[in-house]
>>> print(open('final_11.pdb').read())   # PDB, C-alpha atoms, pLDDT in the B column
MODEL        1
ATOM      1  CA  MET M   1       0.000   0.000   0.000  1.00 52.00           C
ATOM      2  CA  VAL M   2       1.227   3.465  -0.821  1.00 56.00           C
ATOM      3  CA  HIS M   3      -0.018   5.038   2.429  1.00 58.00           C
ATOM      4  CA  GLY M   4      -0.242   1.913   4.605  1.00 59.00           C
ATOM      5  CA  THR M   5      -3.471   0.389   5.893  1.00 56.00           C
ATOM      6  CA  GLY M   6      -3.811   2.419   9.059  1.00 56.00           C
ATOM      7  CA  LYS M   7      -2.819  -0.547  11.210  1.00 60.00           C
ATOM      8  CA  SER M   8       0.642  -0.915  12.678  1.00 67.00           C
ATOM      9  CA  LYS M   9       2.264  -4.333  12.713  1.00 76.00           C
ATOM     10  CA  LYS M  10       4.413  -5.602  15.563  1.00 81.00           C
ATOM     11  CA  VAL M  11       7.419  -7.332  13.980  1.00 84.00           C
ATOM     12  CA  ALA M  12       9.524 -10.017  15.648  1.00 85.00           C
ATOM     13  CA  ALA M  13      12.978 -10.632  14.189  1.00 87.00           C
ATOM     14  CA  PHE M  14      14.770 -13.944  14.666  1.00 89.00           C
ATOM     15  CA  VAL M  15      18.385 -13.014  13.947  1.00 87.00           C
ATOM     16  CA  SER M  16      21.935 -13.761  15.037  1.00 85.00           C
ATOM     17  CA  GLU M  17      23.638 -11.476  17.542  1.00 84.00           C
ATOM     18  CA  ALA M  18      25.488  -9.701  14.732  1.00 82.00           C
ATOM     19  CA  LYS M  19      22.233  -8.516  13.123  1.00 82.00           C
ATOM     20  CA  GLU M  20      20.299  -7.598  16.297  1.00 83.00           C
ATOM     21  CA  LYS M  21      21.209  -3.913  16.125  1.00 84.00           C
ATOM     22  CA  GLU M  22      20.228  -3.734  12.435  1.00 84.00           C
ATOM     23  CA  ALA M  23      16.822  -5.278  13.193  1.00 82.00           C
ATOM     24  CA  LYS M  24      16.164  -2.919  16.129  1.00 83.00           C
ATOM     25  CA  ASP M  25      17.156   0.122  14.048  1.00 83.00           C
ATOM     26  CA  ALA M  26      14.824  -0.981  11.242  1.00 82.00           C
ATOM     27  CA  GLY M  27      11.847  -0.996  13.628  1.00 80.00           C
ATOM     28  CA  ALA M  28      11.449  -4.543  14.932  1.00 82.00           C
ATOM     29  CA  ALA M  29       9.550  -4.609  18.230  1.00 82.00           C
ATOM     30  CA  ILE M  30      10.983  -7.946  19.380  1.00 85.00           C
ATOM     31  CA  VAL M  31      14.511  -8.993  18.478  1.00 86.00           C
ATOM     32  CA  GLY M  32      16.309 -12.154  19.480  1.00 84.00           C
ATOM     33  CA  GLY M  33      17.840 -15.416  18.468  1.00 82.00           C
ATOM     34  CA  GLU M  34      17.957 -18.693  20.332  1.00 83.00           C
ATOM     35  CA  ASP M  35      16.937 -16.942  23.568  1.00 86.00           C
ATOM     36  CA  LEU M  36      13.703 -15.707  21.930  1.00 84.00           C
ATOM     37  CA  ILE M  37      13.022 -19.171  20.503  1.00 85.00           C
ATOM     38  CA  LYS M  38      13.515 -20.707  23.966  1.00 86.00           C
ATOM     39  CA  LYS M  39      11.171 -18.121  25.543  1.00 87.00           C
ATOM     40  CA  ILE M  40       8.404 -18.836  22.990  1.00 84.00           C
ATOM     41  CA  LYS M  41       8.884 -22.593  23.431  1.00 84.00           C
ATOM     42  CA  GLU M  42       8.438 -22.299  27.222  1.00 85.00           C
ATOM     43  CA  THR M  43       5.579 -19.769  27.346  1.00 87.00           C
ATOM     44  CA  GLU M  44       3.895 -20.482  23.980  1.00 83.00           C
ATOM     45  CA  LYS M  45       3.162 -16.741  23.779  1.00 83.00           C
ATOM     46  CA  THR M  46       3.467 -14.931  20.462  1.00 83.00           C
ATOM     47  CA  ASP M  47       2.671 -11.287  21.041  1.00 84.00           C
ATOM     48  CA  PHE M  48       3.606 -10.104  17.538  1.00 84.00           C
ATOM     49  CA  ASP M  49       1.883  -9.866  14.139  1.00 82.00           C
ATOM     50  CA  VAL M  50       4.691 -10.786  11.723  1.00 84.00           C
ATOM     51  CA  ALA M  51       7.876 -12.806  12.184  1.00 86.00           C
ATOM     52  CA  VAL M  52      10.965 -12.349  10.023  1.00 89.00           C
ATOM     53  CA  ALA M  53      14.143 -14.403  10.119  1.00 88.00           C
ATOM     54  CA  GLU M  54      17.492 -14.723   8.473  1.00 89.00           C
ATOM     55  CA  PRO M  55      18.122 -18.038   6.655  1.00 87.00           C
ATOM     56  CA  SER M  56      20.618 -19.307   9.256  1.00 87.00           C
ATOM     57  CA  MET M  57      17.896 -19.152  11.950  1.00 85.00           C
ATOM     58  CA  MET M  58      15.306 -21.216  10.060  1.00 86.00           C
ATOM     59  CA  PRO M  59      16.558 -24.666  11.251  1.00 87.00           C
ATOM     60  CA  LYS M  60      16.440 -23.396  14.842  1.00 87.00           C
ATOM     61  CA  LEU M  61      12.852 -22.171  14.364  1.00 85.00           C
ATOM     62  CA  ALA M  62      11.777 -25.787  13.775  1.00 84.00           C
ATOM     63  CA  GLN M  63      11.518 -26.130  17.573  1.00 86.00           C
ATOM     64  CA  ILE M  64       8.603 -23.681  17.683  1.00 86.00           C
ATOM     65  CA  ALA M  65       7.067 -24.422  14.275  1.00 85.00           C
ATOM     66  CA  LYS M  66       4.116 -26.206  15.925  1.00 88.00           C
ATOM     67  CA  ILE M  67       3.361 -23.043  17.901  1.00 87.00           C
ATOM     68  CA  MET M  68       3.903 -20.442  15.169  1.00 84.00           C
ATOM     69  CA  GLY M  69       2.732 -22.427  12.126  1.00 85.00           C
ATOM     70  CA  PRO M  70      -0.989 -22.758  12.991  1.00 85.00           C
ATOM     71  CA  ARG M  71      -1.087 -19.055  13.911  1.00 85.00           C
ATOM     72  CA  GLY M  72       0.312 -18.082  10.503  1.00 82.00           C
ATOM     73  CA  LEU M  73       3.446 -16.540  11.997  1.00 82.00           C
ATOM     74  CA  MET M  74       6.147 -18.831  10.621  1.00 87.00           C
ATOM     75  CA  PRO M  75       8.640 -16.947   8.411  1.00 86.00           C
ATOM     76  CA  ASN M  76       8.517 -18.109   4.806  1.00 83.00           C
ATOM     77  CA  PRO M  77      10.788 -17.336   1.829  1.00 84.00           C
ATOM     78  CA  LYS M  78       7.725 -17.188  -0.480  1.00 82.00           C
ATOM     79  CA  THR M  79       6.206 -14.310   1.484  1.00 80.00           C
ATOM     80  CA  GLY M  80       9.559 -12.546   1.759  1.00 81.00           C
ATOM     81  CA  THR M  81       9.927 -12.886   5.522  1.00 83.00           C
ATOM     82  CA  VAL M  82      13.164 -14.888   5.278  1.00 87.00           C
ATOM     83  CA  SER M  83      16.057 -12.786   4.006  1.00 84.00           C
ATOM     84  CA  ILE M  84      19.712 -11.979   4.516  1.00 86.00           C
ATOM     85  CA  ASP M  85      18.888  -8.238   4.319  1.00 84.00           C
ATOM     86  CA  ILE M  86      16.719  -8.247   7.443  1.00 84.00           C
ATOM     87  CA  GLY M  87      16.616  -4.454   7.862  1.00 83.00           C
ATOM     88  CA  LYS M  88      15.054  -3.928   4.422  1.00 83.00           C
ATOM     89  CA  VAL M  89      12.373  -6.575   5.062  1.00 84.00           C
ATOM     90  CA  ILE M  90      11.418  -5.075   8.433  1.00 84.00           C
ATOM     91  CA  LYS M  91      11.170  -1.562   6.964  1.00 82.00           C
ATOM     92  CA  GLU M  92       8.907  -2.835   4.149  1.00 81.00           C
ATOM     93  CA  ILE M  93       6.555  -4.599   6.559  1.00 80.00           C
ATOM     94  CA  ALA M  94       6.457  -1.676   8.991  1.00 76.00           C
ATOM     95  CA  GLY M  95       5.895   0.696   6.059  1.00 71.00           C
ATOM     96  CA  GLY M  96       2.645  -0.995   5.058  1.00 69.00           C
ATOM     97  CA  LYS M  97       3.586  -3.931   2.818  1.00 73.00           C
ATOM     98  CA  VAL M  98       0.635  -6.303   2.597  1.00 72.00           C
ATOM     99  CA  ASP M  99       0.274  -9.833   1.313  1.00 73.00           C
ATOM    100  CA  PHE M 100      -2.985 -10.966  -0.187  1.00 74.00           C
ATOM    101  CA  LYS M 101      -4.381 -14.318  -1.208  1.00 76.00           C
ATOM    102  CA  ASN M 102      -7.733 -15.556  -2.328  1.00 78.00           C
ATOM    103  CA  ASP M 103     -10.155 -17.636  -0.309  1.00 81.00           C
ATOM    104  CA  ASP M 104     -11.743 -20.928  -1.438  1.00 86.00           C
ATOM    105  CA  SER M 105     -14.238 -19.196  -3.720  1.00 83.00           C
ATOM    106  CA  GLY M 106     -11.664 -16.930  -5.405  1.00 80.00           C
ATOM    107  CA  ASN M 107     -12.409 -13.729  -3.459  1.00 84.00           C
ATOM    108  CA  ILE M 108      -9.657 -11.430  -2.213  1.00 86.00           C
ATOM    109  CA  HIS M 109     -10.306  -9.449   0.966  1.00 84.00           C
ATOM    110  CA  GLN M 110      -7.959  -6.573   1.715  1.00 83.00           C
ATOM    111  CA  ILE M 111      -7.919  -3.478   3.919  1.00 82.00           C
ATOM    112  CA  ILE M 112      -6.927  -0.427   1.869  1.00 82.00           C
ATOM    113  CA  GLY M 113      -7.200   2.144   4.648  1.00 82.00           C
ATOM    114  CA  LYS M 114      -9.223   3.555   7.494  1.00 82.00           C
ATOM    115  CA  SER M 115     -12.320   5.753   7.336  1.00 80.00           C
ATOM    116  CA  ASP M 116     -10.344   8.739   8.604  1.00 83.00           C
ATOM    117  CA  PHE M 117      -7.974   8.611   5.580  1.00 83.00           C
ATOM    118  CA  ASP M 118      -8.686  11.356   3.065  1.00 86.00           C
ATOM    119  CA  SER M 119     -10.155  10.207  -0.238  1.00 86.00           C
ATOM    120  CA  ALA M 120      -6.943  10.832  -2.224  1.00 89.00           C
ATOM    121  CA  LYS M 121      -4.968   8.432   0.007  1.00 85.00           C
ATOM    122  CA  LEU M 122      -7.687   5.776  -0.200  1.00 86.00           C
ATOM    123  CA  LEU M 123      -7.793   6.121  -3.995  1.00 87.00           C
ATOM    124  CA  GLU M 124      -4.000   5.750  -4.267  1.00 87.00           C
ATOM    125  CA  ASN M 125      -4.079   2.637  -2.044  1.00 84.00           C
ATOM    126  CA  PHE M 126      -6.965   1.192  -4.074  1.00 86.00           C
ATOM    127  CA  ASN M 127      -5.204   1.822  -7.397  1.00 87.00           C
ATOM    128  CA  GLY M 128      -1.966   0.336  -6.054  1.00 85.00           C
ATOM    129  CA  PHE M 129      -3.826  -2.762  -4.854  1.00 85.00           C
ATOM    130  CA  ILE M 130      -5.602  -3.272  -8.195  1.00 85.00           C
ATOM    131  CA  LYS M 131      -2.291  -2.818 -10.046  1.00 87.00           C
ATOM    132  CA  ALA M 132      -0.651  -5.432  -7.771  1.00 83.00           C
ATOM    133  CA  ILE M 133      -3.437  -7.916  -8.507  1.00 84.00           C
ATOM    134  CA  GLN M 134      -3.205  -7.307 -12.247  1.00 84.00           C
ATOM    135  CA  THR M 135       0.572  -7.761 -12.270  1.00 84.00           C
ATOM    136  CA  SER M 136       0.227 -11.044 -10.374  1.00 80.00           C
ATOM    137  CA  LYS M 137      -1.994 -12.506 -13.121  1.00 79.00           C
ATOM    138  CA  PRO M 138      -0.547 -15.859 -14.234  1.00 79.00           C
ATOM    139  CA  THR M 139       0.404 -16.013 -17.908  1.00 81.00           C
ATOM    140  CA  THR M 140      -1.703 -19.155 -18.377  1.00 83.00           C
ATOM    141  CA  ILE M 141      -4.963 -17.304 -17.654  1.00 79.00           C
ATOM    142  CA  LYS M 142      -6.596 -15.821 -20.715  1.00 82.00           C
ATOM    143  CA  GLY M 143      -9.276 -13.118 -20.752  1.00 80.00           C
ATOM    144  CA  GLN M 144     -10.553 -11.092 -17.838  1.00 81.00           C
ATOM    145  CA  PHE M 145      -8.709 -11.698 -14.551  1.00 81.00           C
ATOM    146  CA  ILE M 146     -10.769  -9.521 -12.195  1.00 82.00           C
ATOM    147  CA  GLY M 147     -14.475 -10.347 -12.317  1.00 83.00           C
ATOM    148  CA  SER M 148     -15.853  -7.589 -10.108  1.00 87.00           C
ATOM    149  CA  VAL M 149     -14.813  -5.263  -7.311  1.00 87.00           C
ATOM    150  CA  THR M 150     -16.884  -4.341  -4.269  1.00 88.00           C
ATOM    151  CA  ILE M 151     -15.675  -1.868  -1.680  1.00 85.00           C
ATOM    152  CA  ASN M 152     -17.173  -1.266   1.756  1.00 86.00           C
ATOM    153  CA  ALA M 153     -16.599   0.044   5.238  1.00 84.00           C
ATOM    154  CA  THR M 154     -16.441  -2.556   8.015  1.00 82.00           C
ATOM    155  CA  MET M 155     -20.143  -2.446   8.876  1.00 84.00           C
ATOM    156  CA  GLY M 156     -21.314  -0.563   5.784  1.00 84.00           C
ATOM    157  CA  PRO M 157     -23.038  -1.724   2.620  1.00 90.00           C
ATOM    158  CA  GLY M 158     -20.964  -3.053  -0.275  1.00 87.00           C
ATOM    159  CA  ILE M 159     -20.579  -0.695  -3.231  1.00 86.00           C
ATOM    160  CA  ARG M 160     -19.706  -2.127  -6.657  1.00 90.00           C
ATOM    161  CA  VAL M 161     -16.839  -0.405  -8.430  1.00 85.00           C
ATOM    162  CA  LYS M 162     -16.236  -0.392 -12.178  1.00 84.00           C
ATOM    163  CA  ILE M 163     -12.680  -1.009 -13.306  1.00 77.00           C
TER     164      ILE M 163
ENDMDL
END
>>> encode(input="final_11.pdb", output="structure tokens")
Amino acid sequence: MVHGTGKSKKVAAFVSEAKEKEAKDAGAAIVGGEDLIKKIKETEKTDFDVAVAEPSMMPKLAQIAKIMGPRGLMPNPKTGTVSIDIGKVIKEIAGGKVDFKNDDSGNIHQIIGKSDFDSAKLLENFNGFIKAIQTSKPTTIKGQFIGSVTINATMGPGIRVKI
């Protein structure tokens, strides 16, 4: 999103001691290595929204995979949460990077902002989101990729949008 979604994400970074300062400077709320893994294993508490890790920490995270996996917190190279350049990844996530995927019936649900955003910011976020969906269109799919778009406030009525 260009202007973020209006929600802040608490990022946990699983890094070696050498990269702890870089992760803290980038904006990670929780930073640690094996000590953080041990703490989560003992308490089973995950008080963060997104977890990032450097590749060398991934084998060590296997100890807590049963805790973090079902909660959707396990770092994954496909989603870009496993990287050598940990500072860049944390800044992207804290800056409003969002991942989207479709549900079983092919719908995509995504927050593009809050009601107190001005209309120009909401429009820029909406256009950026639509562009991201269109660029992710697989080459094997022919014809129209987006069937319809409906936008709504949390408890408001859905409004169809022409694209």
>>> resolve_selection(input="final_11.pdb", expression="the PyMOL selection byres ((chain M and resi 146) around 12)", output="list of chain:residue names")
M:Asn102, M:Gly106, M:Asn107, M:Ile108, M:Ile130, M:Lys131, M:Ala132, M:Ile133, M:Gln134, M:Thr135, M:Ser136, M:Lys137, M:Ile141, M:Lys142, M:Gly143, M:Gln144, M:Phe145, M:Gly147, M:Ser148, M:Val149, M:Thr150, M:Val161, M:Lys162, M:Ile163
>>> resolve_selection(input="final_11.pdb", expression="the PyMOL selection byres ((chain M and resi 15) around 8)", output="JSON, numbers by chain")
{"M": [13, 14, 16, 17, 18, 19, 20, 23, 31, 32, 33, 53, 54, 57]}
>>> atom_distance(input="final_11.pdb", atom1="CA of Ser83 (chain M)", atom2="CA of Ala51 (chain M)")
11.6 Å
>>> atom_distance(input="final_11.pdb", atom1="CA of Pro138 (chain M)", atom2="CA of Lys101 (chain M)")
13.7 Å
>>> closest_residue(input="final_11.pdb", among="M:Pro59, M:Leu123, M:Lys88, M:Lys66", to="Lys24 (chain M)", atoms="only C-alpha atoms")
M:Lys88
>>> residues_around(input="final_11.pdb", residues="Lys45 (chain M)", least_positions_apart="5", cutoff="12 Å", atoms="all atoms listed in the file", output="JSON, numbers by chain")
{"M": [36, 37, 38, 39, 40, 64, 67, 68, 71, 73]}
>>> atom_distance(input="final_11.pdb", atom1="CA of Gly27 (chain M)", atom2="CA of Gly80 (chain M)")
16.7 Å
